Structure formats: structure tokens, C-alpha cells
Amino acid sequence: MNKAWYIAAKELLQSRRDRLAALFTIILPVVFTIFLGLIIGSGTGDSHIPIAVVDQDGTAASQQFLTRLEASPLLKLQTMTAGEIDTAVEDQKGSRRPR
């Protein structure tokens, strides 16, 4: 682990000496990430991630697992049959990209 710290320190020292290198390795990636996050994140009204699930097991453990998934504020479960999921994946149903 010490070698990793030495390499990181060396790179930071070189970036400090070369301002253009610091711009391209530290500042621009952060700016681009924030910029793209604002553009992409602001266009979607629904922040839930749709997840298609099939409970082929039907046991109490699988029901408990699905209940915990449904309780998640980030996920939106869609219960389907295995055939429906295959068709939806083939048709790209529910994808967020425009057709």
C-alpha cells in the first residue's frame, strides 16, 4: 500500500509542477462530471430505476427479498413472467433512450 501512496504523491508533485497536466488530470474530469450530471440528471422526472423481476422460486425467502427490494426508494419493481421479460428485453421496452 505504501507504494501506491508514493506513486500518488509523485503524480501530484508532477501535476503541481506542470499546471496543464493538473488541468487535464484533476480539474477537467471533475468539471465534466458535474456538467454531465446536471444535464443528464435534470431531464428525468422519475428517479426510480425500473427492475423487472420474476419469482420462480415462490418461497418465503424470495418473497422477503422482493419485499425488501420494494421498500427501496430507488427501485421500481415490475413483476413479470419470464417470457414477458425476454420479450421486453428484445423489444427494449422500458428503456430510457429515445427510439
# chains A, B, ... in the order shown; residues from 1 in each chain; ligands from 1
$ select_by_dssp --residues "chain A" --states "alpha helix (DSSP H)" --output "ChimeraX atom specification"
/A:2-17,19-22,28-42,60-70,82-91
$ residues_around --residues "range 55-63 of chain A" --least-positions-apart "4" --cutoff "9 Å" --atoms "only C-alpha atoms" --output "number ranges by chain"
A: 67-68, 79-82
$ residues_around --residues "Gln78 in chain A" --least-positions-apart "6" --cutoff "10 Å" --atoms "only C-alpha atoms" --output "compact mmCIF listing (two decimals) with all heavy atoms, in the first residue's frame"
# COMPACT_ATOMS: atom_id res chain seq x y z
N PRO A 50 -36.25 1.22 -12.92
CA PRO A 50 -37.18 0.09 -13.12
C PRO A 50 -36.43 -1.24 -13.15
O PRO A 50 -35.43 -1.38 -13.85
CB PRO A 50 -37.82 0.40 -14.47
CG PRO A 50 -36.84 1.26 -15.17
CD PRO A 50 -36.08 2.02 -14.11
N ILE A 51 -36.90 -2.19 -12.37
CA ILE A 51 -36.31 -3.52 -12.30
C ILE A 51 -37.42 -4.54 -12.55
O ILE A 51 -38.42 -4.56 -11.85
CB ILE A 51 -35.69 -3.78 -10.90
CG1 ILE A 51 -34.65 -2.75 -10.54
CG2 ILE A 51 -35.12 -5.19 -10.82
CD1 ILE A 51 -33.38 -2.85 -11.31
N ALA A 52 -37.23 -5.37 -13.57
CA ALA A 52 -38.18 -6.44 -13.85
C ALA A 52 -37.77 -7.67 -13.05
O ALA A 52 -36.60 -8.05 -13.06
CB ALA A 52 -38.20 -6.75 -15.34
N VAL A 53 -38.72 -8.27 -12.35
CA VAL A 53 -38.42 -9.44 -11.53
C VAL A 53 -39.39 -10.58 -11.84
O VAL A 53 -40.54 -10.34 -12.21
CB VAL A 53 -38.48 -9.12 -10.02
CG1 VAL A 53 -37.40 -8.16 -9.62
CG2 VAL A 53 -39.82 -8.59 -9.63
N VAL A 54 -38.88 -11.79 -11.70
CA VAL A 54 -39.69 -13.00 -11.83
C VAL A 54 -39.40 -13.84 -10.58
O VAL A 54 -38.26 -14.17 -10.31
CB VAL A 54 -39.31 -13.80 -13.09
CG1 VAL A 54 -40.08 -15.09 -13.15
CG2 VAL A 54 -39.53 -12.98 -14.35
N GLU A 70 -38.81 -3.86 -2.81
CA GLU A 70 -39.91 -2.90 -2.97
C GLU A 70 -39.80 -1.74 -1.99
O GLU A 70 -40.24 -0.63 -2.28
CB GLU A 70 -41.25 -3.59 -2.80
CG GLU A 70 -41.63 -4.47 -3.98
CD GLU A 70 -42.92 -5.25 -3.73
OE1 GLU A 70 -43.39 -5.29 -2.57
OE2 GLU A 70 -43.42 -5.83 -4.70
N ILE A 85 -40.38 -10.84 -19.78
CA ILE A 85 -39.08 -10.17 -19.64
C ILE A 85 -38.24 -10.39 -20.90
O ILE A 85 -37.62 -9.46 -21.39
CB ILE A 85 -38.35 -10.67 -18.38
CG1 ILE A 85 -39.03 -10.10 -17.14
CG2 ILE A 85 -36.88 -10.25 -18.41
CD1 ILE A 85 -38.41 -10.51 -15.85
$ select_by_dssp --residues "chain A" --states "strand (DSSP E or B)" --output "MDAnalysis selection string"
chainID A and resid 49:53 75:79
$ atom_distance --atom1 "CA of Asp91 in chain A" --atom2 "CA of Ile40 in chain A"
23.7 Å
